[in-house]
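Novice: To be precise about what I am sending: the file is called protein-v1.cif and holds mmCIF, C-alpha atoms.
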data_work
loop_
_atom_site.label_atom_id
_atom_site.label_comp_id
_atom_site.auth_asym_id
_atom_site.auth_seq_id
_atom_site.Cartn_x
_atom_site.Cartn_y
_atom_site.Cartn_z
CA MET A 1 -4.68 -41.50 -66.62
CA TRP A 2 -4.40 -41.17 -62.87
CA TYR A 3 -0.76 -40.04 -62.96
CA GLU A 4 -1.75 -36.91 -64.82
CA ILE A 5 -2.75 -35.32 -61.52
CA LEU A 6 0.74 -35.70 -60.02
CA PRO A 7 2.22 -32.49 -61.52
CA GLY A 8 -0.76 -30.49 -60.26
CA MET A 9 -0.46 -32.01 -56.78
CA ALA A 10 3.24 -31.25 -56.72
CA ILE A 11 2.62 -27.62 -57.69
CA MET A 12 -0.08 -27.30 -55.01
CA GLY A 13 2.20 -28.81 -52.38
CA VAL A 14 5.01 -26.41 -53.22
CA CYS A 15 2.67 -23.42 -53.15
CA LEU A 16 1.20 -24.43 -49.78
CA SER A 17 4.66 -24.87 -48.24
CA ILE A 18 5.88 -21.43 -49.35
CA PRO A 19 4.12 -19.42 -46.55
CA GLY A 20 5.41 -21.66 -43.76
CA LEU A 21 8.99 -21.83 -45.06
CA SER A 22 9.12 -18.11 -45.86
CA THR A 23 7.89 -17.30 -42.33
CA LEU A 24 10.56 -19.57 -40.86
CA PHE A 25 13.37 -17.91 -42.81
CA MET A 26 12.01 -14.43 -42.07
CA HIS A 27 12.05 -15.19 -38.34
CA ARG A 28 15.63 -16.39 -38.59
CA LEU A 29 16.60 -13.33 -40.57
CA CYS A 30 15.06 -11.00 -38.00
CA ASN A 31 16.33 -12.92 -34.93
CA GLY A 32 19.99 -13.38 -35.70
CA GLY A 33 19.62 -16.81 -37.27
CA LYS A 34 17.59 -18.22 -34.34
CA GLU A 35 14.01 -19.39 -34.06
CA LYS A 36 11.46 -16.86 -32.87
CA ARG A 37 10.68 -17.23 -29.18
CA ILE A 38 7.05 -17.26 -28.09
CA ALA A 39 5.92 -16.16 -24.63
CA ARG A 40 2.66 -17.88 -23.72
CA TYR A 41 3.07 -17.38 -19.97
CA PRO A 42 4.30 -14.42 -17.87
CA PHE A 43 7.38 -16.36 -16.77
CA GLN A 44 8.46 -16.91 -20.40
CA TRP A 45 8.02 -13.19 -21.06
CA THR A 46 10.14 -12.45 -17.99
CA LEU A 47 12.93 -14.63 -19.35
CA MET A 48 12.81 -12.86 -22.72
CA GLU A 49 12.93 -9.45 -21.04
CA ARG A 50 15.87 -10.61 -18.92
CA ASP A 51 17.79 -11.80 -22.00
CA ARG A 52 17.05 -8.53 -23.78
CA ARG A 53 18.19 -6.47 -20.79
CA ILE A 54 21.48 -8.29 -20.29
CA SER A 55 22.32 -8.54 -23.99
CA GLY A 56 23.70 -5.00 -23.99
CA VAL A 57 22.17 -4.30 -27.41
CA ASN A 58 18.47 -4.43 -26.42
CA LYS A 59 17.88 -7.67 -28.35
CA TYR A 60 16.79 -10.83 -26.60
CA TYR A 61 18.29 -13.18 -29.20
CA VAL A 62 21.88 -11.91 -28.82
CA SER A 63 24.03 -14.48 -27.02
CA LYS A 64 25.37 -13.48 -23.62
CA ALA A 65 28.71 -15.15 -24.34
CA GLY A 66 29.04 -13.14 -27.56
CA PHE A 67 28.69 -9.66 -26.12
CA TRP A 68 30.72 -10.50 -23.00
CA GLY A 69 33.57 -11.67 -25.21
CA MET A 70 33.43 -8.44 -27.24
CA GLY A 71 33.02 -6.20 -24.20
CA ARG A 72 29.78 -4.64 -25.39
CA PHE A 73 27.99 -4.71 -22.06
CA ASN A 74 26.95 -1.44 -20.41
CA PHE A 75 26.39 -1.88 -16.69
CA THR A 76 23.44 -0.14 -15.04
CA PRO A 77 22.67 0.00 -11.29
CA ASP A 78 19.34 -1.76 -11.73
CA PHE A 79 21.08 -4.80 -13.18
CA LEU A 80 19.89 -7.42 -10.69
CA TYR A 81 19.45 -10.78 -12.27
CA LEU A 82 20.60 -14.36 -11.93
CA LEU A 83 21.43 -16.96 -14.53
CA PRO A 84 19.64 -20.31 -14.38
CA PRO A 85 21.36 -22.85 -12.09
CA GLU A 86 22.45 -25.03 -15.00
CA LEU A 87 24.33 -22.05 -16.54
CA CYS A 88 25.90 -20.53 -13.47
CA ARG A 89 29.20 -22.40 -13.45
CA VAL A 90 30.80 -20.64 -16.42
CA THR A 91 29.98 -17.26 -17.89
CA GLY A 92 31.16 -15.70 -21.10
CA ASN A 93 34.19 -13.90 -19.64
CA GLY A 94 35.27 -16.79 -17.45
CA ALA A 95 33.40 -15.76 -14.30
CA MET A 96 32.88 -18.70 -12.01
CA VAL A 97 29.60 -18.52 -10.15
CA LYS A 98 28.55 -20.86 -7.40
CA PRO A 99 25.47 -22.95 -8.25
CA MET A 100 22.57 -22.89 -5.82
CA ASP A 101 22.28 -25.44 -3.04
CA LYS A 102 25.99 -26.30 -3.12
CA GLU A 103 28.42 -25.68 -0.30
CA GLU A 104 31.30 -23.26 -0.74
CA ASP A 105 34.77 -24.66 -1.34
CA LYS A 106 36.83 -24.66 1.82
CA ASP A 107 40.56 -23.94 2.08
CA HIS A 108 41.09 -27.01 4.23
CA THR A 109 39.62 -30.49 4.15
CA PRO A 110 38.49 -31.91 7.50
CA ALA A 111 39.56 -35.34 8.60
CA ASP A 112 37.42 -38.32 7.66
CA ASN A 113 36.12 -38.84 11.18
CA GLU A 114 35.23 -35.16 11.56
CA ARG A 115 33.50 -35.16 8.19
CA SER A 116 31.46 -38.25 9.04
CA SER A 117 30.46 -36.79 12.41
CA THR A 118 29.35 -33.50 10.84
CA GLU A 119 27.36 -35.37 8.20
CA LEU A 120 25.64 -37.43 10.89
CA GLU A 121 24.78 -34.27 12.82
CA LYS A 122 23.30 -32.69 9.69
CA LYS A 123 21.22 -35.78 8.98
CA GLU A 124 19.93 -35.82 12.56
CA LYS A 125 18.98 -32.15 12.35
CA GLU A 126 17.19 -32.70 9.05
CA ALA A 127 15.35 -35.67 10.51
CA LYS A 128 14.21 -33.60 13.47
CA ARG A 129 13.18 -30.69 11.27
CA VAL A 130 9.43 -30.47 10.90
CA ILE A 131 7.88 -28.68 7.95
CA LYS A 132 5.66 -25.94 9.29
CA THR A 133 2.60 -24.87 7.35
CA ILE A 134 -0.61 -22.94 7.89
CA GLN A 135 -4.30 -23.48 7.29
CA TRP A 136 -5.09 -21.88 3.97
CA THR A 137 -8.35 -20.10 3.35
CA THR A 138 -11.09 -21.46 1.12
CA GLY A 139 -11.91 -20.25 -2.36
CA ASN A 140 -15.15 -18.48 -1.38
CA ASN A 141 -13.41 -16.51 1.40
CA PHE A 142 -10.36 -15.53 -0.61
CA THR A 143 -9.41 -11.93 -1.33
CA VAL A 144 -6.21 -10.43 -2.70
CA GLU A 145 -5.33 -8.84 0.62
CA LYS A 146 -6.13 -12.00 2.56
CA GLY A 147 -3.86 -13.95 0.23
CA ARG A 148 -1.00 -11.56 0.96
CA GLN A 149 -1.66 -11.81 4.70
CA GLN A 150 -1.55 -15.60 4.56
CA ILE A 151 1.72 -15.49 2.62
CA GLU A 152 3.11 -13.29 5.41
CA GLU A 153 1.84 -15.83 7.91
CA LEU A 154 3.61 -18.60 5.99
CA ILE A 155 6.84 -16.61 5.88
CA SER A 156 6.68 -16.16 9.65
CA THR A 157 6.97 -19.96 10.02
CA TRP A 158 10.24 -20.07 8.06
CA ASP A 159 13.49 -20.38 9.99
CA ILE A 160 15.21 -17.21 8.75
CA HIS A 161 17.54 -14.91 10.69
CA GLU A 162 16.07 -11.66 11.94
CA SER A 163 18.62 -9.63 9.93
CA TRP A 164 16.67 -10.50 6.77
CA LEU A 165 13.96 -7.99 5.94
CA HIS A 166 11.32 -8.37 3.26
CA HIS A 167 8.21 -6.87 1.79
CA SER A 168 5.44 -8.68 -0.06
CA GLU A 169 3.24 -7.37 -2.84
CA PHE A 170 0.50 -8.50 -5.18
CA LEU A 171 1.57 -8.70 -8.83
CA GLU A 172 -1.32 -9.80 -11.02
CA GLU A 173 -4.42 -11.95 -11.39
CA GLU A 174 -4.46 -14.58 -14.11
CA GLU A 175 -7.71 -16.02 -15.45
CA LEU A 176 -7.45 -19.54 -16.87
CA LYS A 177 -10.03 -21.96 -18.18
CA ASP A 178 -10.05 -24.18 -15.10
CA SER A 179 -8.63 -21.90 -12.40
CA LYS A 180 -7.76 -18.42 -11.21
CA ARG A 181 -4.18 -17.65 -10.25
CA TYR A 182 -3.01 -14.82 -8.03
CA HIS A 183 0.67 -13.93 -8.26
CA TYR A 184 2.63 -12.43 -5.36
CA ARG A 185 6.25 -11.59 -4.70
CA ALA A 186 8.31 -11.36 -1.52
CA CYS A 187 11.55 -9.39 -1.94
CA TRP A 188 14.34 -10.11 0.59
CA GLY A 189 17.44 -8.18 1.55
CA ILE A 190 19.83 -7.45 4.42
CA PRO A 191 20.03 -3.67 4.94
CA THR A 192 22.68 -2.28 7.28
CA ARG A 193 23.43 1.12 8.79
CA ARG A 194 26.21 1.69 6.28
CA LYS A 195 24.13 0.42 3.35
CA PRO A 196 20.42 0.84 4.10
CA ILE A 197 19.66 -0.05 0.47
CA PRO A 198 20.95 -3.59 -0.13
CA ARG A 199 23.35 -4.08 -3.00
CA ALA A 200 21.35 -7.08 -4.18
CA THR A 201 18.00 -8.60 -3.32
CA ALA A 202 16.42 -12.03 -3.64
CA SER A 203 12.80 -12.59 -4.60
CA VAL A 204 10.43 -15.48 -3.90
CA TYR A 205 7.38 -15.73 -6.14
CA PHE A 206 4.10 -17.18 -4.88
CA VAL A 207 1.06 -18.37 -6.82
CA ILE A 208 -2.30 -18.95 -5.15
CA VAL A 209 -4.54 -21.13 -7.30
CA ILE A 210 -8.33 -21.28 -6.94
CA SER A 211 -9.69 -24.21 -8.92
CA LYS A 212 -12.96 -23.83 -10.82
CA LEU A 213 -13.44 -27.60 -10.83
CA LYS A 214 -13.49 -28.00 -7.04
CA PRO A 215 -16.13 -26.78 -4.56
CA ASP A 216 -15.80 -23.22 -3.28
CA THR A 217 -15.23 -24.60 0.21
CA SER A 218 -11.99 -26.29 -0.86
CA PRO A 219 -8.73 -24.71 0.36
CA VAL A 220 -6.68 -22.79 -2.15
CA GLU A 221 -3.47 -24.29 -3.50
CA VAL A 222 -0.20 -22.43 -2.98
CA PHE A 223 3.09 -22.78 -4.83
CA PHE A 224 6.34 -20.85 -4.71
CA ARG A 225 9.58 -20.67 -6.63
CA LEU A 226 12.86 -18.84 -6.20
CA GLU A 227 14.05 -16.05 -8.43
CA SER A 228 15.46 -17.35 -11.75
CA SER A 229 14.59 -20.92 -10.82
CA ARG A 230 12.04 -23.04 -12.66
CA LEU A 231 11.55 -25.50 -9.81
CA ILE A 232 8.07 -25.03 -8.33
CA ARG A 233 7.61 -26.10 -4.72
CA ARG A 234 4.71 -26.58 -2.32
CA PRO A 235 5.04 -25.07 1.17
CA GLU A 236 3.80 -28.26 2.82
CA GLU A 237 6.40 -30.40 1.02
CA PHE A 238 9.58 -28.30 1.28
CA GLN A 239 11.16 -26.57 4.24
CA PHE A 240 12.35 -23.14 3.15
CA ARG A 241 16.10 -22.65 3.60
CA GLU A 242 17.82 -19.38 4.32
CA LYS A 243 20.76 -20.56 2.22
CA TRP A 244 18.62 -20.26 -0.92
CA LEU A 245 18.41 -16.51 -0.41
CA GLN A 246 22.10 -16.27 0.40
CA ASP A 247 23.05 -18.11 -2.80
CA ILE A 248 20.93 -15.80 -4.96
CA ILE A 249 22.46 -12.65 -3.48
CA GLU A 250 26.02 -14.00 -3.54
CA ASN A 251 25.69 -14.98 -7.19
CA LYS A 252 24.31 -11.54 -8.06
CA ILE A 253 27.17 -9.76 -6.29
CA ILE A 254 29.76 -11.96 -8.02
CA LEU A 255 28.27 -11.16 -11.39
CA ILE A 256 27.97 -7.45 -10.66
CA GLU A 257 31.61 -7.19 -9.52
CA ARG A 258 32.82 -9.19 -12.50
CA LEU A 259 30.87 -7.11 -15.01
CA SER A 260 31.62 -3.74 -13.44
CA SER A 261 35.38 -4.47 -13.58
CA HIS A 262 35.30 -4.73 -17.40
#
Would you write out, as structure tokens, the structure that this file holds?
Specialist:
Amino acid sequence: MWYEILPGMAIMGVCLSIPGLSTLFMHRLCNGGKEKRIARYPFQWTLMERDRRISGVNKYYVSKAGFWGMGRFNFTPDFLYLLPPELCRVTGNGAMVKPMDKEEDKDHTPADNERSSTELEKKEKEAKRVIKTIQWTTGNNFTVEKGRQQIEELISTWDIHESWLHHSEFLEEEELKDSKRYHYRACWGIPTRRKPIPRATASVYFVIVISKLKPDTSPVEVFFRLESSRLIRRPEEFQFREKWLQDIIENKIILIERLSSH
């Protein structure tokens, strides 16, 4: 009868599920009870390396809150990192870190009329602010050095104080099915006479994309993101703010001081 095949099908199903389930439990056993993380893109690999570096035990799956609570962190001078914005309010040992793009708490609260006037002035300034951009080169004229020069040209249009110094560099070329991507980085800092090497730096990552589906005469596409931020921006759509760099450095210094005191 037809039901005689059911035991055989059940045995086959169990046998076929054994490799997948055994792999799952092996990953959990080797990763502290957590799923194995996969890095398909360089940014995901960067996050895994960051988690491994700050774990204190050279394992990316160890929770930051766990080793902070047990005091197992060994501070090193090259420890320059920043938690994601959604995690920066509370750290494992109670450190309070200011999220990005939020104003600092003031000791005094201005009067309602003063607050409304300052808000109106800010809105007027933002309305008058014009996003500056440049004419990007075409795909057939693009070179790695020309891409870096155009990034420098874009940075020169940003409204940033002259005390900020930076250097830009080419990181890597990424070949995809429908495009080529060229990765750059601009590292910012404020050196002084007393401290020519800044205590903390802030990086801005650029990606220049050359599409294989568009004509070679089409302009390249440019994107940028801030260090430890997943929000990707276009230069022609967002006006770069100096406060973004200040927030990154301030958060790093707060974390460094908090960790070095324990």
Novice: Check what the PyMOL selection byres ((chain A and resi 137) around 12) selects in the file above and give those residues as an NGL selection string.
Specialist: :A and (134-136 or 138-151 or 153 or 208-210 or 216-222)
Novice: Kindly export the residues of the current selection with C-alpha atoms, as a PDB file, in the frame of the given file.
Specialist:
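Final output, again.pdb:
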ATOM      1  CA  ILE A 134      -0.610 -22.940   7.890  1.00  0.00           C
ATOM      2  CA  GLN A 135      -4.300 -23.480   7.290  1.00  0.00           C
ATOM      3  CA  TRP A 136      -5.090 -21.880   3.970  1.00  0.00           C
ATOM      4  CA  THR A 138     -11.090 -21.460   1.120  1.00  0.00           C
ATOM      5  CA  GLY A 139     -11.910 -20.250  -2.360  1.00  0.00           C
ATOM      6  CA  ASN A 140     -15.150 -18.480  -1.380  1.00  0.00           C
ATOM      7  CA  ASN A 141     -13.410 -16.510   1.400  1.00  0.00           C
ATOM      8  CA  PHE A 142     -10.360 -15.530  -0.610  1.00  0.00           C
ATOM      9  CA  THR A 143      -9.410 -11.930  -1.330  1.00  0.00           C
ATOM     10  CA  VAL A 144      -6.210 -10.430  -2.700  1.00  0.00           C
ATOM     11  CA  GLU A 145      -5.330  -8.840   0.620  1.00  0.00           C
ATOM     12  CA  LYS A 146      -6.130 -12.000   2.560  1.00  0.00           C
ATOM     13  CA  GLY A 147      -3.860 -13.950   0.230  1.00  0.00           C
ATOM     14  CA  ARG A 148      -1.000 -11.560   0.960  1.00  0.00           C
ATOM     15  CA  GLN A 149      -1.660 -11.810   4.700  1.00  0.00           C
ATOM     16  CA  GLN A 150      -1.550 -15.600   4.560  1.00  0.00           C
ATOM     17  CA  ILE A 151       1.720 -15.490   2.620  1.00  0.00           C
ATOM     18  CA  GLU A 153       1.840 -15.830   7.910  1.00  0.00           C
ATOM     19  CA  ILE A 208      -2.300 -18.950  -5.150  1.00  0.00           C
ATOM     20  CA  VAL A 209      -4.540 -21.130  -7.300  1.00  0.00           C
ATOM     21  CA  ILE A 210      -8.330 -21.280  -6.940  1.00  0.00           C
ATOM     22  CA  ASP A 216     -15.800 -23.220  -3.280  1.00  0.00           C
ATOM     23  CA  THR A 217     -15.230 -24.600   0.210  1.00  0.00           C
ATOM     24  CA  SER A 218     -11.990 -26.290  -0.860  1.00  0.00           C
ATOM     25  CA  PRO A 219      -8.730 -24.710   0.360  1.00  0.00           C
ATOM     26  CA  VAL A 220      -6.680 -22.790  -2.150  1.00  0.00           C
ATOM     27  CA  GLU A 221      -3.470 -24.290  -3.500  1.00  0.00           C
ATOM     28  CA  VAL A 222      -0.200 -22.430  -2.980  1.00  0.00           C
TER      29      VAL A 222
END
Novice: Here's the selection I'm unsure about, the PyMOL selection byres ((chain A and resi 165-174) around 8); applied to the file above, which residues does it give, as a PyMOL selection string?
Specialist: chain A and resi 144+148+152+162-164+175-176+180-191
Novice: What does the distance from atom CA of A:Ile155 to atom CA of A:Val130 come to in Å, to one decimal?
Specialist: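 Those two atoms sit 15.0 Å apart.
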Novice: Which neighbours of stretch 33-48 of chain A fall inside 9 Å, counting all atoms listed in the file, when residues of the same chain fewer than 3 positions from it are skipped, and could you give them as a list in words?
Specialist: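 So, after excluding close chain neighbours, the residues are Leu24, Phe25, His27, Arg28, Leu29, Cys30, Asp51, Arg52, Arg53, Tyr60, Tyr61 and Ser228 of chain A.
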Novice: Work out how far atom CA of A:Phe206 is from atom CA of A:Leu231, in Å to one decimal.
Specialist: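 Here the two named atoms are 12.2 Å from each other.
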Novice: What's the separation between atom CA of A:Asp247 and atom CA of A:Val62, in Å to one decimal place?
Specialist: 26.8 Å
Novice: Measuring atom to atom with all atoms listed in the file, identify which of A:Leu6, A:Met26, A:Glu242, A:Pro198 is nearest to A:Trp158.
Specialist: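 Ranking A:Leu6, A:Met26, A:Glu242, A:Pro198 by distance to A:Trp158, first place goes to A:Glu242.
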Novice: On this structure, which residues satisfy the PyMOL selection byres ((chain A and resi 241) around 10), written as a list in words?
Specialist: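 So the PyMOL selection byres ((chain A and resi 241) around 10) ends up selecting Asp101, Trp158, Asp159, Ile160, Phe238, Gln239, Phe240, Glu242, Lys243, Trp244, Leu245 and Gln246 of chain A.
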Novice: Nearest residue to A:Lys177 out of A:Ile197, A:Gly13, A:Ser203, A:Lys212, using only C-alpha atoms?
Specialist: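 Ranking A:Ile197, A:Gly13, A:Ser203, A:Lys212 by distance to A:Lys177, first place goes to A:Lys212.
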Novice: Select, from A:Asp178, A:Glu257, A:Glu227, A:Glu250, the residue with the minimum atom-to-atom distance to A:Ala202, counting only C-alpha atoms.
Specialist: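 Closest residue, counting only C-alpha atoms: A:Glu227.
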